[in-house]
file work02.cif (mmCIF, C-alpha atoms)
data_structure
loop_
_atom_site.label_atom_id
_atom_site.label_comp_id
_atom_site.auth_asym_id
_atom_site.auth_seq_id
_atom_site.Cartn_x
_atom_site.Cartn_y
_atom_site.Cartn_z
CA MET A 246 2.32 1.36 46.04
CA ASN A 247 2.74 2.38 42.39
CA ALA A 248 -0.41 2.79 40.34
CA PRO A 249 -0.90 0.03 37.75
CA GLU A 250 0.39 0.93 34.30
CA ALA A 251 -2.36 1.98 31.91
CA PRO A 252 -2.98 -0.55 29.15
CA ASN A 253 -1.33 0.31 25.84
CA PRO A 254 -4.06 1.51 23.43
CA ILE A 255 -2.47 -0.30 20.50
CA SER A 256 -2.23 -3.58 22.44
CA GLN A 257 -5.88 -3.20 23.40
CA ARG A 258 -6.91 -2.93 19.78
CA LEU A 259 -4.71 -5.81 18.67
CA ALA A 260 -6.36 -7.91 21.39
CA ARG A 261 -9.78 -6.97 20.00
CA ILE A 262 -8.75 -8.11 16.52
CA SER A 263 -7.49 -11.39 18.00
CA ARG A 264 -10.79 -11.96 19.83
CA LEU A 265 -12.77 -11.33 16.66
CA TRP A 266 -10.63 -13.83 14.73
CA GLN A 267 -10.96 -16.43 17.47
CA ALA A 268 -14.74 -16.01 17.35
CA PHE A 269 -14.76 -16.58 13.58
CA ARG A 270 -12.42 -19.57 13.56
CA SER A 271 -14.58 -21.31 16.16
CA LEU A 272 -17.40 -21.62 13.60
CA PRO A 273 -16.96 -25.04 11.97
CA GLU A 274 -18.71 -24.24 8.67
CA ALA A 275 -17.16 -20.78 8.22
CA ARG A 276 -14.81 -20.29 5.27
CA VAL A 277 -14.80 -16.55 4.44
CA CYS A 278 -14.35 -13.80 7.02
CA ARG A 279 -14.96 -10.25 5.92
CA TRP A 280 -13.28 -7.55 7.99
CA VAL A 281 -14.84 -4.14 7.34
CA ILE A 282 -12.32 -1.51 8.34
CA GLN A 283 -11.78 2.22 8.08
CA PRO A 284 -8.76 3.28 6.01
CA ASP A 285 -6.84 4.32 9.14
CA GLU A 286 -7.27 0.81 10.61
CA ARG A 287 -5.25 -0.98 7.92
CA LYS A 288 -1.94 -0.55 9.73
CA LEU A 289 -3.39 -2.17 12.86
CA VAL A 290 -4.57 -5.12 10.77
CA GLU A 291 -1.05 -5.44 9.35
CA ALA A 292 0.38 -5.22 12.88
CA PHE A 293 -1.94 -8.01 14.02
CA LEU A 294 -0.73 -10.20 11.15
CA GLN A 295 2.87 -9.56 12.20
CA THR A 296 2.12 -10.65 15.77
CA THR A 297 0.87 -14.01 14.48
CA TYR A 298 4.38 -14.89 13.31
CA ARG A 299 5.88 -14.61 16.82
CA ALA A 300 6.74 -17.68 18.86
CA ASP A 301 4.41 -16.58 21.67
CA ASN A 302 1.48 -16.10 19.28
CA PRO A 303 -1.74 -17.43 20.83
CA VAL A 304 -3.39 -17.86 17.40
CA PRO A 305 -2.39 -21.28 15.97
CA ASP A 306 -2.96 -20.26 12.35
CA LEU A 307 -0.68 -19.23 9.48
CA PHE A 308 -1.75 -16.01 7.75
CA LEU A 309 -0.58 -15.33 4.19
CA PRO A 310 -1.27 -11.71 3.10
CA PHE A 311 -1.95 -11.04 -0.60
CA HIS A 312 -2.04 -7.55 -2.12
CA ALA A 313 -2.53 -8.17 -5.85
CA PRO A 314 -5.42 -6.15 -7.32
CA CYS A 315 -8.31 -8.11 -8.79
CA GLY A 316 -8.42 -6.83 -12.35
CA SER A 317 -9.94 -9.98 -13.81
CA ALA A 318 -12.00 -12.71 -12.12
CA ALA A 319 -10.64 -15.28 -14.55
CA ASP A 320 -7.01 -14.46 -13.74
CA TYR A 321 -7.11 -13.41 -10.07
CA GLY A 322 -6.37 -16.85 -8.63
CA ARG A 323 -3.32 -17.23 -10.85
CA GLN A 324 -2.10 -13.77 -9.81
CA LEU A 325 -2.38 -14.70 -6.13
CA VAL A 326 -0.51 -17.97 -6.63
CA GLU A 327 2.23 -16.11 -8.51
CA GLU A 328 2.43 -13.57 -5.66
CA LEU A 329 2.97 -16.44 -3.20
CA ARG A 330 5.62 -18.01 -5.43
CA THR A 331 7.66 -14.82 -5.80
CA ARG A 332 7.46 -14.13 -2.06
CA LEU A 333 8.75 -17.61 -1.25
CA GLU A 334 11.56 -17.32 -3.78
CA ALA A 335 12.66 -14.07 -2.15
CA ASP A 336 12.49 -15.58 1.36
CA ARG A 337 13.83 -19.07 0.58
CA GLU A 338 17.40 -18.43 1.75
CA ALA A 339 16.27 -16.72 4.96
CA LEU A 340 13.90 -19.60 5.70
CA ALA A 341 16.64 -22.15 5.03
CA ALA A 342 18.92 -20.33 7.47
CA GLU A 343 16.26 -20.96 10.15
CA GLY A 344 16.04 -24.62 9.21
CA ILE A 345 12.78 -24.23 7.28
CA VAL A 346 12.73 -25.93 3.89
CA VAL A 347 9.83 -25.10 1.57
CA ASP A 348 9.75 -27.17 -1.61
CA TRP A 349 6.26 -26.17 -2.77
CA GLN A 350 5.86 -25.15 -6.38
CA PRO A 351 2.62 -23.93 -7.96
CA ALA A 352 0.60 -26.32 -10.07
CA PRO A 353 0.50 -25.48 -13.79
CA ALA A 354 -2.23 -22.93 -14.42
CA GLY A 355 -2.90 -23.66 -18.08
CA ASP A 356 -4.97 -21.32 -20.21
CA ALA A 357 -7.99 -21.37 -17.87
CA PRO A 358 -6.97 -22.14 -14.28
CA GLY A 359 -10.55 -21.85 -12.99
CA PRO A 360 -11.95 -20.66 -9.65
CA GLY A 361 -10.42 -23.51 -7.65
CA TYR A 362 -6.83 -22.84 -8.71
CA LEU A 363 -5.93 -20.75 -5.65
CA VAL A 364 -7.52 -23.24 -3.25
CA ARG A 365 -5.73 -26.21 -4.83
CA ASN A 366 -2.38 -24.49 -4.48
CA LEU A 367 -3.08 -23.36 -0.91
CA ASP A 368 -4.09 -26.91 -0.07
CA ALA A 369 -0.77 -28.20 -1.39
CA PHE A 370 1.15 -25.42 0.37
CA SER A 371 -0.54 -26.21 3.69
CA ARG A 372 1.43 -29.46 3.84
CA GLN A 373 4.53 -27.30 4.28
CA ALA A 374 3.06 -25.85 7.50
CA PRO A 375 1.86 -28.86 9.51
CA ALA A 376 1.98 -26.95 12.82
CA ALA A 377 -0.69 -24.48 11.67
CA GLU A 378 -4.27 -25.47 12.42
CA LEU A 379 -5.61 -23.21 9.67
CA LEU A 380 -3.97 -21.70 6.59
CA VAL A 381 -5.50 -18.26 6.03
CA ALA A 382 -5.27 -16.36 2.74
CA VAL A 383 -5.59 -12.68 3.70
CA LEU A 384 -6.87 -10.80 0.67
CA MET A 385 -6.01 -7.10 0.91
CA PRO A 386 -6.57 -5.79 -2.62
CA PRO A 387 -6.56 -2.01 -3.14
CA ALA A 388 -10.30 -2.25 -3.86
CA THR A 389 -12.98 -4.89 -4.16
CA GLY A 390 -14.85 -4.24 -7.39
CA LYS A 391 -17.02 -6.18 -9.83
CA ALA A 392 -14.27 -8.64 -10.78
CA PHE A 393 -13.74 -9.59 -7.14
CA ALA A 394 -17.51 -9.85 -6.67
CA ARG A 395 -17.59 -12.46 -9.45
CA TRP A 396 -14.48 -14.32 -8.30
CA LEU A 397 -15.33 -14.94 -4.64
CA PRO A 398 -18.66 -16.80 -5.14
CA GLU A 399 -16.98 -18.99 -7.76
CA VAL A 400 -14.31 -19.99 -5.24
CA LEU A 401 -16.93 -20.87 -2.65
CA ARG A 402 -18.85 -22.96 -5.16
CA ALA A 403 -15.64 -24.80 -6.08
CA GLY A 404 -15.22 -25.64 -2.39
CA VAL A 405 -12.84 -24.57 0.36
CA PRO A 406 -11.36 -27.40 2.55
CA ALA A 407 -11.87 -27.34 6.31
CA HIS A 408 -8.23 -26.36 7.03
CA LEU A 409 -8.30 -23.26 4.76
CA ARG A 410 -9.88 -19.86 5.29
CA LEU A 411 -10.20 -16.67 3.25
CA LEU A 412 -9.96 -13.36 5.13
CA VAL A 413 -11.14 -10.40 3.03
CA VAL A 414 -10.06 -6.98 4.34
CA GLU A 415 -12.33 -4.24 3.01
CA ALA A 416 -11.36 -0.63 3.72
CA GLY A 417 -14.19 1.85 3.86
CA GLY A 418 -16.91 -0.78 3.83
CA ALA A 419 -16.68 -1.72 0.13
CA PRO A 420 -19.42 -4.31 -0.22
CA LEU A 421 -19.13 -7.99 -0.98
CA PRO A 422 -21.67 -9.30 -3.52
CA ASP A 423 -25.29 -8.84 -2.50
CA GLY A 424 -26.72 -11.92 -0.85
CA LEU A 425 -23.41 -13.76 -0.56
CA ALA A 426 -24.01 -14.72 3.07
CA GLU A 427 -27.52 -15.93 2.18
CA THR A 428 -26.25 -17.91 -0.82
CA PHE A 429 -23.63 -19.63 1.32
CA PRO A 430 -25.27 -19.85 4.76
CA GLY A 431 -22.83 -20.30 7.61
CA ARG A 432 -19.81 -19.93 5.35
CA VAL A 433 -19.51 -16.13 5.03
CA HIS A 434 -19.31 -13.87 8.09
CA THR A 435 -18.79 -10.12 8.45
CA GLN A 436 -16.98 -8.43 11.33
CA VAL A 437 -16.69 -4.66 11.75
CA LEU A 438 -13.38 -4.03 13.55
CA ASP A 439 -14.36 -0.61 15.00
CA LEU A 440 -10.87 0.11 16.38
CA ASP A 441 -11.27 3.86 16.99
CA VAL A 442 -7.82 4.80 15.72
CA PRO A 443 -8.27 8.53 16.52
CA GLY A 444 -8.99 7.58 20.14
CA ALA A 445 -5.85 5.44 20.24
CA MET A 446 -3.81 8.30 18.83
CA ARG A 447 -5.13 10.67 21.47
CA GLN A 448 -4.19 8.20 24.21
CA LEU A 449 -0.69 7.77 22.80
CA ALA A 450 -0.17 11.50 22.30
CA ALA A 451 -1.10 12.20 25.92
CA ALA A 452 1.29 9.58 27.31
CA GLY A 453 4.38 10.78 29.16
CA ASN A 454 5.40 13.96 30.95
CA PRO A 455 3.09 16.81 29.84
CA ALA A 456 6.02 19.25 30.09
CA ASP A 457 8.19 17.22 27.71
CA PRO A 458 8.57 18.90 24.26
CA GLY A 459 7.95 15.58 22.52
CA VAL A 460 4.67 15.06 24.35
CA LYS A 461 3.64 18.67 23.68
CA PHE A 462 4.42 18.28 19.98
CA ARG A 463 2.54 14.98 19.65
CA ARG A 464 -0.59 16.42 21.23
CA ALA A 465 -0.45 19.62 19.17
CA PHE A 466 0.26 17.76 15.93
CA LEU A 467 -2.61 15.33 16.54
CA GLU A 468 -5.00 18.20 17.18
CA LEU A 469 -3.82 19.80 13.94
CA ALA A 470 -4.23 16.51 12.02
CA GLN A 471 -7.79 16.09 13.21
CA ALA A 472 -8.63 19.68 12.22
CA ALA A 473 -6.96 19.23 8.82
CA SER A 474 -9.48 16.54 7.88
CA GLY A 475 -12.34 19.00 7.45
CA GLN A 476 -12.10 22.17 9.55
CA PRO A 477 -11.88 25.66 7.95
CA LEU A 478 -8.44 26.83 6.87
CA ALA A 479 -8.43 29.55 9.54
CA THR A 480 -8.74 26.87 12.23
CA VAL A 481 -5.93 24.83 10.67
CA GLN A 482 -3.66 27.88 10.48
CA ARG A 483 -4.37 28.74 14.10
CA LEU A 484 -3.57 25.20 15.29
CA GLU A 485 -0.35 24.89 13.27
CA ALA A 486 1.39 27.63 15.26
CA LEU A 487 2.13 25.49 18.33
CA PRO A 488 3.62 22.39 16.65
CA LEU A 489 5.65 24.62 14.31
CA SER A 490 7.10 26.63 17.19
CA ILE A 491 8.01 23.46 19.14
CA ALA A 492 9.64 21.84 16.10
CA ARG A 493 11.69 24.96 15.36
CA ALA A 494 12.75 25.42 18.97
CA GLN A 495 13.93 21.82 19.16
CA GLY A 496 15.58 21.79 15.73
CA TRP A 497 13.26 19.01 14.50
CA THR A 498 13.38 19.71 10.77
CA ALA A 499 11.48 16.56 9.80
CA MET A 500 8.65 17.47 12.15
CA GLU A 501 8.52 21.03 10.82
CA ILE A 502 8.24 19.59 7.31
CA ALA A 503 5.48 17.26 8.53
CA VAL A 504 3.47 20.26 9.76
CA HIS A 505 3.79 22.04 6.39
CA SER A 506 2.80 18.84 4.55
CA LEU A 507 -0.23 18.39 6.77
CA VAL A 508 -1.39 21.95 6.16
CA ALA A 509 -0.84 21.40 2.42
CA SER A 510 -3.12 18.34 2.57
CA ALA A 511 -5.76 20.44 4.31
CA CYS A 512 -5.48 23.07 1.57
CA ILE A 513 -6.01 20.41 -1.10
CA GLY A 514 -9.08 19.13 0.71
CA LEU A 515 -10.44 22.68 0.86
CA GLY A 516 -9.91 23.25 -2.86
CA ARG A 517 -6.92 25.57 -2.49
CA PRO A 518 -4.17 23.91 -4.60
CA GLY A 519 -2.13 27.10 -4.92
CA ASP A 520 -1.81 27.35 -1.14
CA ALA A 521 -0.87 23.66 -1.02
CA LEU A 522 1.94 24.21 -3.53
CA GLY A 523 3.25 27.08 -1.39
CA ARG A 524 3.30 24.88 1.69
CA TYR A 525 5.10 22.11 -0.13
CA ASP A 526 7.65 24.72 -1.27
CA LEU A 527 8.28 25.71 2.35
CA GLY A 528 8.85 22.08 3.30
CA LEU A 529 11.02 21.50 0.24
CA GLY A 530 13.29 24.39 1.13
CA LEU A 531 13.79 22.96 4.62
CA ALA A 532 14.39 19.45 3.29
CA LYS A 533 16.96 20.55 0.72
CA ALA A 534 18.88 22.60 3.29
CA ALA A 535 18.94 19.69 5.75
CA ALA A 536 19.96 17.24 3.01
CA ALA A 537 22.83 19.52 2.01
CA GLY A 538 23.98 19.28 5.63
CA GLY A 539 24.14 15.48 5.41
CA ASP A 540 20.65 14.50 6.63
CA ALA A 541 19.76 11.44 4.49
CA THR A 542 16.17 11.37 5.79
CA ALA A 543 15.64 14.92 4.60
CA GLY A 544 16.64 13.88 1.09
CA LYS A 545 13.88 11.26 1.06
CA LEU A 546 11.42 13.85 2.34
CA ALA A 547 12.40 16.16 -0.52
CA VAL A 548 11.58 13.43 -3.06
CA GLN A 549 8.18 12.90 -1.44
CA LEU A 550 7.44 16.63 -1.37
CA LEU A 551 8.26 16.94 -5.07
CA SER A 552 5.98 13.98 -5.77
CA ASN A 553 3.20 15.71 -3.83
CA GLN A 554 3.76 18.89 -5.83
CA GLY A 555 3.65 16.91 -9.06
CA ALA A 556 0.31 15.40 -8.06
CA VAL A 557 -1.11 18.88 -7.42
CA TYR A 558 0.10 20.09 -10.81
CA ILE A 559 -1.60 17.09 -12.45
CA SER A 560 -4.87 18.01 -10.71
CA LEU A 561 -4.46 21.51 -12.19
CA LYS A 562 -3.64 20.00 -15.62
CA ASN A 563 -0.34 21.88 -15.54
CA TYR A 564 1.56 18.93 -16.93
CA ARG A 565 4.73 20.83 -17.79
CA GLU A 566 5.27 21.86 -14.18
CA GLY A 567 4.28 18.37 -13.08
CA ALA A 568 7.00 16.89 -15.31
CA ARG A 569 9.52 19.35 -13.85
CA ALA A 570 8.62 18.39 -10.25
CA PHE A 571 8.74 14.64 -10.89
CA GLY A 572 11.95 15.00 -12.88
CA GLU A 573 13.63 16.86 -10.03
CA GLY A 574 12.45 14.18 -7.62
CA ALA A 575 13.87 11.47 -9.86
CA GLY A 576 17.25 13.21 -9.82
CA LEU A 577 17.28 13.42 -6.03
CA ALA A 578 16.23 9.77 -5.71
CA GLU A 579 18.96 8.69 -8.11
CA ALA A 580 21.55 10.64 -6.13
CA ALA A 581 20.31 8.89 -2.97
CA GLY A 582 20.60 5.46 -4.62
CA ASP A 583 16.86 4.71 -4.43
CA PRO A 584 15.88 2.93 -7.68
CA PHE A 585 12.28 2.38 -6.56
CA GLN A 586 11.64 6.12 -6.19
CA VAL A 587 13.53 6.75 -9.43
CA MET A 588 11.22 4.35 -11.27
CA GLU A 589 8.11 5.87 -9.72
CA ALA A 590 9.18 9.47 -10.40
CA LYS A 591 10.17 8.66 -13.98
CA ARG A 592 6.81 6.93 -14.51
CA MET A 593 4.93 10.04 -13.40
CA GLN A 594 7.28 12.37 -15.28
CA GLY A 595 6.62 10.36 -18.43
CA PHE A 596 2.88 10.57 -17.81
CA CYS A 597 3.07 14.36 -17.56
CA LEU A 598 5.23 14.64 -20.69
CA GLU A 599 2.73 12.52 -22.61
CA LYS A 600 -0.13 14.72 -21.46
CA ASP A 601 1.90 17.76 -22.52
CA GLY A 602 2.38 16.26 -25.99
CA ASP A 603 6.13 15.70 -25.70
CA TRP A 604 6.14 12.08 -26.86
CA GLU A 605 9.88 11.89 -27.58
CA GLN A 606 10.90 13.03 -24.10
CA ALA A 607 8.23 10.84 -22.52
CA LEU A 608 9.70 7.79 -24.29
CA ARG A 609 13.21 8.65 -23.11
CA VAL A 610 12.09 9.20 -19.51
CA GLU A 611 10.03 6.01 -19.30
CA ARG A 612 12.94 3.97 -20.67
CA GLU A 613 14.99 5.40 -17.79
CA GLY A 614 12.23 4.32 -15.43
CA LEU A 615 12.41 0.78 -16.79
CA ALA A 616 16.19 0.80 -16.31
CA ALA A 617 15.64 1.75 -12.67
CA ALA A 618 13.17 -1.15 -12.30
CA GLU A 619 15.93 -3.55 -13.33
CA LYS A 620 17.79 -2.64 -10.13
CA LEU A 621 14.90 -3.71 -7.86
CA ASP A 622 14.71 -7.15 -6.31
CA GLU A 623 12.09 -9.43 -7.83
CA THR A 624 9.60 -9.30 -4.96
CA LEU A 625 9.56 -5.50 -4.80
CA ARG A 626 9.35 -5.26 -8.57
CA HIS A 627 6.33 -7.58 -8.71
CA HIS A 628 4.52 -5.49 -6.08
CA SER A 629 5.26 -2.11 -7.61
CA THR A 630 3.65 0.16 -10.19
CA LEU A 631 5.88 -1.35 -12.91
CA PRO A 632 2.86 -2.69 -14.88
CA TYR A 633 1.58 0.87 -15.33
CA LEU A 634 5.00 2.07 -16.49
CA ALA A 635 5.19 -0.93 -18.81
CA GLU A 636 1.78 -0.25 -20.35
CA SER A 637 2.62 3.39 -21.02
CA LEU A 638 6.10 2.63 -22.37
CA LEU A 639 4.84 -0.03 -24.77
CA ALA A 640 2.21 2.39 -26.08
CA LEU A 641 4.91 5.00 -26.74
CA VAL A 642 7.19 2.51 -28.50
CA TYR A 643 4.25 1.32 -30.60
CA ARG A 644 3.53 4.92 -31.52
CA SER A 645 7.11 5.28 -32.77
CA GLY A 646 6.43 2.57 -35.38
CA ASP A 647 9.62 0.58 -34.69
CA LYS A 648 8.41 -3.05 -34.61
CA GLU A 649 11.77 -4.54 -33.59
CA ASP A 650 12.12 -2.04 -30.75
CA TYR A 651 8.58 -2.91 -29.62
CA LEU A 652 9.34 -6.63 -29.50
CA ARG A 653 12.62 -6.07 -27.63
CA THR A 654 10.95 -3.77 -25.11
CA GLU A 655 8.02 -6.16 -24.65
CA ALA A 656 10.38 -9.09 -23.98
CA LYS A 657 12.34 -7.05 -21.46
CA ILE A 658 9.15 -5.97 -19.68
CA ASN A 659 7.84 -9.54 -19.54
CA ALA A 660 11.11 -10.67 -17.97
CA LEU A 661 11.01 -7.90 -15.36
CA ALA A 662 7.30 -7.72 -14.54
CA GLY A 663 6.59 -11.43 -14.68
CA PRO A 664 3.94 -13.38 -16.58
CA GLY A 665 0.47 -11.93 -16.66
CA TRP A 666 1.54 -8.48 -15.52
CA GLN A 667 -1.28 -6.95 -17.60
CA GLY A 668 -3.77 -8.54 -15.18
CA LYS A 669 -2.49 -6.25 -12.41
CA LEU A 670 -3.74 -3.16 -14.24
CA GLN A 671 -6.91 -1.62 -12.88
CA PRO A 672 -9.45 -0.30 -15.39
CA ALA A 673 -9.23 3.46 -15.75
CA LYS A 674 -11.87 5.36 -13.84
CA PRO A 675 -13.63 8.41 -15.31
CA VAL A 676 -12.22 11.66 -14.00
CA ALA A 677 -14.74 13.83 -12.17
CA VAL A 678 -14.99 17.32 -13.63
#
call {"tool": "encode", "arguments": {"input": "work02.cif", "output": "structure tokens"}}
result
Amino acid sequence: MNAPEAPNPISQRLARISRLWQAFRSLPEARVCRWVIQPDERKLVEAFLQTTYRADNPVPDLFLPFHAPCGSAADYGRQLVEELRTRLEADREALAAEGIVVDWQPAPAGDAPGPGYLVRNLDAFSRQAPAAELLVAVLMPPATGKAFARWLPEVLRAGVPAHLRLLVVEAGGAPLPDGLAETFPGRVHTQVLDLDVPGAMRQLAAAGNPADPGVKFRRAFLELAQAASGQPLATVQRLEALPLSIARAQGWTAMEIAVHSLVASACIGLGRPGDALGRYDLGLGLAKAAAAGGDATAGKLAVQLLSNQGAVYISLKNYREGARAFGEGAGLAEAAGDPFQVMEAKRMQGFCLEKDGDWEQALRVEREGLAAAEKLDETLRHHSTLPYLAESLLALVYRSGDKEDYLRTEAKINALAGPGWQGKLQPAKPVAV
């Protein structure tokens, strides 16, 4: 008789998330669920949300993920409603092909939509999903700061209907407002997911034939990754030898690049940026050679490596070299037909040129970034870093003193980034010295 197959570690953790959600939804007065997660657990949360859209999903609820940052408590609800609108517009044809017709449109926001604006729109949208027992707004902002801490209590005071729920995903244990659960007894609940992602990775890495090169590489790479998060550089360098030798023996260029990138990250964490740049150079040489041989994936890796180098140069305040790295990455992305990476690289190149005092070149580069943004579909554009490019570009045009050019550029940005794009900007944080 064959031994029973060991349970998949990822499936086990998805089942735990499902059990936690079922426990929350069984509470009749509950309206807000707070999931406290570690940063490495976010992908499992996203995977759980994907499973809820399958036909065999045991959870009878419809989850709507939102990623807009909360820059302003007064405007956050409108931003979330706009995010839902743009997503539906992008998916409308695909939904229609499956026989699903969604005719919901957001209610007018006015000058002051108020704390109940999101709930009113979700309530109206829920009529489009009669099969769902609960409609769940999953709030996954990059961070939950003071604006979010003001917004959430206001929503609860405005009232949340029995068929709606708010699920707040907080990476790293960022706190909700003090006393929120006490202020709204029975309505706010906290769950710590505790998914042990490193343990899952170890289980997955060990799966399969121990003699197989792929299994050997996974185990060695995982051991290296765990050491790279805080062990001395000598330990990291000792542990990199095995995955590097396997990758080279098998001709796995992408994996060899991954090892160099991982060691570079360790060097950054240990305060050795020069060593990190050297490691990125090694990976970049491999990526360029593979791309020249027709490997499209290697070309994308080269763009990422140049972006990583640019970030290191920024940390060193070597903005001229940073501009060079981002500019080279933009050229490779353009050759690969990737307008998103072109926009992002041009944005960062412009930032570096500004910091280096080359305002004229910064203006030219950021205009090119805006031109790349025009080639993106609306949904991707509205969930990109375009607002940051827009803010910087408008400041440069204003500096030039050409009023007509400023108005033209502003109108173009408003058309591309959507109304209220300024609300997506996060306040600048002081740089630690």
call {"tool": "residues_around", "arguments": {"input": "work02.cif", "residues": "Thr630 (chain A)", "least_positions_apart": "3", "cutoff": "9 Å", "atoms": "only C-alpha atoms", "output": "JSON, numbers by chain"}}
result
{"A": [588, 589, 592, 626, 627, 633, 634, 635]}
call {"tool": "residues_around", "arguments": {"input": "work02.cif", "residues": "region 563-577 of chain A", "least_positions_apart": "4", "cutoff": "9 Å", "atoms": "all atoms listed in the file", "output": "number ranges by chain"}}
result
A: 544-545, 547-559, 581-583, 586-601, 610
call {"tool": "write_last_selection", "arguments": {"input": "work02.cif", "atoms": "C-alpha atoms", "output": "PDB file, in the coordinates of the input"}}
result
ATOM      1  CA  GLY A 544      16.640  13.880   1.090  1.00  0.00           C
ATOM      2  CA  LYS A 545      13.880  11.260   1.060  1.00  0.00           C
ATOM      3  CA  ALA A 547      12.400  16.160  -0.520  1.00  0.00           C
ATOM      4  CA  VAL A 548      11.580  13.430  -3.060  1.00  0.00           C
ATOM      5  CA  GLN A 549       8.180  12.900  -1.440  1.00  0.00           C
ATOM      6  CA  LEU A 550       7.440  16.630  -1.370  1.00  0.00           C
ATOM      7  CA  LEU A 551       8.260  16.940  -5.070  1.00  0.00           C
ATOM      8  CA  SER A 552       5.980  13.980  -5.770  1.00  0.00           C
ATOM      9  CA  ASN A 553       3.200  15.710  -3.830  1.00  0.00           C
ATOM     10  CA  GLN A 554       3.760  18.890  -5.830  1.00  0.00           C
ATOM     11  CA  GLY A 555       3.650  16.910  -9.060  1.00  0.00           C
ATOM     12  CA  ALA A 556       0.310  15.400  -8.060  1.00  0.00           C
ATOM     13  CA  VAL A 557      -1.110  18.880  -7.420  1.00  0.00           C
ATOM     14  CA  TYR A 558       0.100  20.090 -10.810  1.00  0.00           C
ATOM     15  CA  ILE A 559      -1.600  17.090 -12.450  1.00  0.00           C
ATOM     16  CA  ALA A 581      20.310   8.890  -2.970  1.00  0.00           C
ATOM     17  CA  GLY A 582      20.600   5.460  -4.620  1.00  0.00           C
ATOM     18  CA  ASP A 583      16.860   4.710  -4.430  1.00  0.00           C
ATOM     19  CA  GLN A 586      11.640   6.120  -6.190  1.00  0.00           C
ATOM     20  CA  VAL A 587      13.530   6.750  -9.430  1.00  0.00           C
ATOM     21  CA  MET A 588      11.220   4.350 -11.270  1.00  0.00           C
ATOM     22  CA  GLU A 589       8.110   5.870  -9.720  1.00  0.00           C
ATOM     23  CA  ALA A 590       9.180   9.470 -10.400  1.00  0.00           C
ATOM     24  CA  LYS A 591      10.170   8.660 -13.980  1.00  0.00           C
ATOM     25  CA  ARG A 592       6.810   6.930 -14.510  1.00  0.00           C
ATOM     26  CA  MET A 593       4.930  10.040 -13.400  1.00  0.00           C
ATOM     27  CA  GLN A 594       7.280  12.370 -15.280  1.00  0.00           C
ATOM     28  CA  GLY A 595       6.620  10.360 -18.430  1.00  0.00           C
ATOM     29  CA  PHE A 596       2.880  10.570 -17.810  1.00  0.00           C
ATOM     30  CA  CYS A 597       3.070  14.360 -17.560  1.00  0.00           C
ATOM     31  CA  LEU A 598       5.230  14.640 -20.690  1.00  0.00           C
ATOM     32  CA  GLU A 599       2.730  12.520 -22.610  1.00  0.00           C
ATOM     33  CA  LYS A 600      -0.130  14.720 -21.460  1.00  0.00           C
ATOM     34  CA  ASP A 601       1.900  17.760 -22.520  1.00  0.00           C
ATOM     35  CA  VAL A 610      12.090   9.200 -19.510  1.00  0.00           C
TER      36      VAL A 610
END
call {"tool": "closest_residue", "arguments": {"input": "work02.cif", "among": "A:Val381, A:Ala541, A:Ile255, A:Leu661", "to": "Ala617 (chain A)", "atoms": "only C-alpha atoms"}}
result
A:Leu661
call {"tool": "atom_distance", "arguments": {"input": "work02.cif", "atom1": "CA of Val414 (chain A)", "atom2": "CA of Leu340 (chain A)"}}
result
27.1 Å
call {"tool": "residues_near_point", "arguments": {"input": "work02.cif", "point": "(-0.5, -10.4, -5.3)", "cutoff": "12 Å", "atoms": "all atoms listed in the file", "output": "MDAnalysis selection string"}}
result
chainID A and resid 309:316 320:332 363 382:387 624:629 663 665:666 668:670
call {"tool": "atom_distance", "arguments": {"input": "work02.cif", "atom1": "CA of Val642 (chain A)", "atom2": "CA of Pro664 (chain A)"}}
result
20.1 Å
call {"tool": "residues_around", "arguments": {"input": "work02.cif", "residues": "region 395-399 of chain A", "least_positions_apart": "5", "cutoff": "12 Å", "atoms": "all atoms listed in the file", "output": "PyMOL selection string"}}
result
chain A and resi 276-279+315-323+359-364+384+389-390+404-405+411-413+421-429+432-433
call {"tool": "write_last_selection", "arguments": {"input": "work02.cif", "atoms": "C-alpha atoms", "output": "short mmCIF file (atom, residue, chain, number, x, y, z; two decimals), keeping the file's coordinate frame"}}
result
data_model
loop_
_atom_site.label_atom_id
_atom_site.label_comp_id
_atom_site.auth_asym_id
_atom_site.auth_seq_id
_atom_site.Cartn_x
_atom_site.Cartn_y
_atom_site.Cartn_z
CA ARG A 276 -14.81 -20.29 5.27
CA VAL A 277 -14.80 -16.55 4.44
CA CYS A 278 -14.35 -13.80 7.02
CA ARG A 279 -14.96 -10.25 5.92
CA CYS A 315 -8.31 -8.11 -8.79
CA GLY A 316 -8.42 -6.83 -12.35
CA SER A 317 -9.94 -9.98 -13.81
CA ALA A 318 -12.00 -12.71 -12.12
CA ALA A 319 -10.64 -15.28 -14.55
CA ASP A 320 -7.01 -14.46 -13.74
CA TYR A 321 -7.11 -13.41 -10.07
CA GLY A 322 -6.37 -16.85 -8.63
CA ARG A 323 -3.32 -17.23 -10.85
CA GLY A 359 -10.55 -21.85 -12.99
CA PRO A 360 -11.95 -20.66 -9.65
CA GLY A 361 -10.42 -23.51 -7.65
CA TYR A 362 -6.83 -22.84 -8.71
CA LEU A 363 -5.93 -20.75 -5.65
CA VAL A 364 -7.52 -23.24 -3.25
CA LEU A 384 -6.87 -10.80 0.67
CA THR A 389 -12.98 -4.89 -4.16
CA GLY A 390 -14.85 -4.24 -7.39
CA GLY A 404 -15.22 -25.64 -2.39
CA VAL A 405 -12.84 -24.57 0.36
CA LEU A 411 -10.20 -16.67 3.25
CA LEU A 412 -9.96 -13.36 5.13
CA VAL A 413 -11.14 -10.40 3.03
CA LEU A 421 -19.13 -7.99 -0.98
CA PRO A 422 -21.67 -9.30 -3.52
CA ASP A 423 -25.29 -8.84 -2.50
CA GLY A 424 -26.72 -11.92 -0.85
CA LEU A 425 -23.41 -13.76 -0.56
CA ALA A 426 -24.01 -14.72 3.07
CA GLU A 427 -27.52 -15.93 2.18
CA THR A 428 -26.25 -17.91 -0.82
CA PHE A 429 -23.63 -19.63 1.32
CA ARG A 432 -19.81 -19.93 5.35
CA VAL A 433 -19.51 -16.13 5.03
#
